[in-house]
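Asker: I'd like to ask you about the structure that follows.
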Amino acid sequence: MAQQQPLSSSVQPTDIYGGDEVSALVLDPGYCNTRAGFAGEEIPKQLVPSFYLHVNDRDIFGDEILTPRAGMEVRNYMNRDSVVEDWDAATKMWEHLLIKRLQPERPTPPSKNGLNVTDDGDVAMDDADGADAEAAEAHEKPLAENPLLLTEAPWNSPKAREKAIEIAMESWGCPAFWHSRTPVLASFAAGKATALVVDVGGANTSVTAIHDGMVLKRSIQRSPVGGVWLSGQIRSMLESNDPRVDIVPTFMVENKKPVEAGAPPDFRPKSFNFTVSDSFRAFEEERVLTEFKESVVEVWRGPGKYQSNEDFVKSQAGRVFEMPDGSNQMWREQRFKVSEGMWDENAAYPTGAGDEGRITKQQTIPALIRQAIEGVDVDLRPNLLGNIVVTGSTSLLNGFNDRLTYELTNLFPGMKIKIHAAGLTSERRFGAWIGGSILASLGTFHQMWISKKEYEENGAGIVEKRCK
């Protein structure tokens, strides 16, 4: 008997959720931003802050609504470990992205569009038809045609994973679901099944070993050293500067006049007839610090460490930065020092936040990599060091990859070190999302999805068994 041939893509069975025919969605939540889009695309279609406004017992989502209002508070549905903390807000945020922003407007059902109403106010349709229409409408869920791939931190809890599949299947009616860890997807985006993934994100830095597409759990290392920590370092630098530099967010400036470098600002502050909340001011200050990071801060490439070359660093070219209030200054060695704490805990600025803002030697990036490598089998180590994938927005600092190569060469003498860091900014910022987009669009991935039927037969616990 002739061997059965696989079906061609044109006659794939209708219950398969893969390939170009099905519009799978990819959702990548993080502490600073949440990314969403369709599988098979190069970058996410939607990118919104994970921060949202809470006003008068109402939650409002999106970047455009983050403006000063009376009685408002800025909140975040994730915690600093990149794990969902407020599931009600998370569900609303994800619905805002996946349903309101990514789905087309649905036509109003005939029973509710007002065109079938008779003179006496009754709807002109049989009772049986009306009941059937209502049942069908109730049965139709917003994502009934879209499989969903959701990313997660490698340390996410089983309870949180079960909650996620419950929301996708019960509330949104997704036909299929998959949960994938961000380091695995970042390595797929780099075209590697085995890699050591160094993810330097907004809230933290993690180092994870991936072997044949699986996370080696003993290798997982994380540290608070990330974009938010770096903002704290910049804040400390500005406070200790002579003259001290105050951060005045853009929304507080009515108008300004140009001033000389180092001179006090000459601006008129904007006045509000209500008190602006501390949480909103902190959010807006973070935007200013992010701009400072992107345009001024640099990692000391070498030779040697920053502290042993301080005189040489002072001779390097500086960069001018103008604050929203008009004050400006040339930053020279300070712009290297703010990032030095990522590599050398003794070089970090004191944060003034007690022990919370202080980091230890074990939390520096070289120490995280060493601990991750020591947590895996000796035979795997050369392969991992030869396939280091760098991802995350904070890794885009100038000089980051050069310094990482220098530190790893010192840590592992005689070993071949090869760093893979995408050249495109978008690929580094959206590494995990891009990996998810590639994975969910593969025709061969269709057999991996957890189907609605599987979920109904096994319950939410299926996600822990299947998504390793």
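Residue numbers start at 1 in each chain; chains themselves are named A, B, ... in the order of the structure tokens; ligands are numbered from 1 in the order shown.
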Can you tell me, as a VMD selection string, which residues in segment 193-378 of chain A count as strand (DSSP E or B) by DSSP?

Answerer: chain A and resid 195 to 200 205 to 211 214 to 215 221 to 223 253 to 257 266 to 269 298 319 to 322 328 to 331

Asker: Set the distance at 7 Å and use only C-alpha atoms: which residues neighbour Ser23 of chain A once local chain neighbours fewer than 5 positions away are removed? I'd like the list as a PyMOL selection string.

Answerer: chain A and resi 38-39+146

Asker: Extract, using only C-alpha atoms, all DNA, RNA and protein residues at most 7 Å from Ile210 of chain A, discarding same-chain residues fewer than 3 positions from it, and format them as a PDB file with C-alpha atoms, in the first residue's frame.

Answerer:
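Listing of out36.pdb after writing:
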```
ATOM      1  CA  VAL A 184      13.171  30.902  23.905  1.00  0.00           C
ATOM      2  CA  THR A 194      20.534  26.588  21.498  1.00  0.00           C
ATOM      3  CA  ALA A 195      21.768  29.867  22.972  1.00  0.00           C
ATOM      4  CA  LEU A 196      22.575  31.822  26.108  1.00  0.00           C
ATOM      5  CA  GLY A 213      14.310  25.206  22.269  1.00  0.00           C
ATOM      6  CA  MET A 214      13.900  24.369  25.969  1.00  0.00           C
ATOM      7  CA  VAL A 215      14.726  26.536  28.989  1.00  0.00           C
ATOM      8  CA  LEU A 216      17.329  24.997  31.302  1.00  0.00           C
TER       9      LEU A 216
END
```

Asker: Can you tell me which residues surround segment 410-422 of chain A at a distance of at most 12 Å, considering only C-alpha atoms, apart from same-chain residues fewer than 4 positions away, and format the answer as an MDAnalysis selection string?

Answerer: chainID A and resid 186:187 189:192 195:200 304:305 365:371 373:374 381:393 395:396 400:406 426:431 434

Asker: Excluding Ala261 of chain A and residues on its chain fewer than 3 positions from it, collect all residues at most 8 Å away from it, counting only C-alpha atoms, and give them as a ChimeraX atom specification.

Answerer: /A:327-330

Asker: Give the helix (DSSP H, G or I) residues of segment 108-305 of chain A, as DSSP finds them on the backbone, and put them as a ChimeraX atom specification.

Answerer: /A:110-112,127-139,158-171,182-189,217-219,227-240,250-252,278-295

Asker: Determine the nearest neighbour of Arg332 of chain A from the options A:Leu185, A:Ile60, A:Val297, A:Leu149, counting only C-alpha atoms.

Answerer: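 Going through A:Leu185, A:Ile60, A:Val297, A:Leu149 one by one, the smallest distance to Arg332 of chain A is for A:Val297.
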
Asker: Within 7 Å of His179 of chain A, counting only C-alpha atoms, which residues show up once you throw out same-chain ones fewer than 2 positions away? Write them as a PyMOL selection string, please.

Answerer: chain A and resi 149-151+177+181+467

Asker: With only C-alpha atoms as the atoms that count, which of A:Val228, A:Leu424, A:Ala263, A:Leu380 lies nearest to Arg244 of chain A?

Answerer: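 Smallest distance to Arg244 of chain A is found for A:Ala263.
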
Asker: Of the candidates A:Val83, A:Asn398, A:Pro249, A:Glu286, which shows the shortest atom-to-atom distance to Pro158 of chain A, using only C-alpha atoms?

Answerer: A:Val83

Asker: State, in Å with one decimal place, the distance from atom CA of Trp343 of chain A to atom CA of Gln363 of chain A.

Answerer: 9.0 Å

Asker: Write out as a list in words the residues lying within 12 Å of Tyr31 of chain A, counting only C-alpha atoms and excluding same-chain residues fewer than 6 positions away.

Answerer: Val48, Pro49, Ser50, Phe51, Tyr52, Arg75, Asn76, Tyr77, Met78, Asn79, Arg80, Asp81, Ser82, Val83, Val84, Glu85, Ala90, Glu152, Ala153, Gly201, Gly202, Ala203, Asn204, Gly226, Gly227 and Val228 of chain A

Asker: Using only C-alpha atoms, which of A:Leu143, A:Leu148, A:Val313, A:Leu97 sits nearest Ser437 of chain A?

Answerer: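 Closest candidate: A:Leu148.
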
Asker: Return the single residue from A:Thr250, A:Gln221, A:Ser277, A:Thr91 that is closest to Leu53 of chain A, with distances computed using only C-alpha atoms.

Answerer: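 Closest to Leu53 of chain A, using only C-alpha atoms: A:Ser277.
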
Asker: Which one is closest to Leu238 of chain A: A:Leu25, A:Leu397, A:Leu289, A:Ala164? Count only C-alpha atoms.

Answerer: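 Ranked by minimum distance to Leu238 of chain A, first place goes to A:Leu289.
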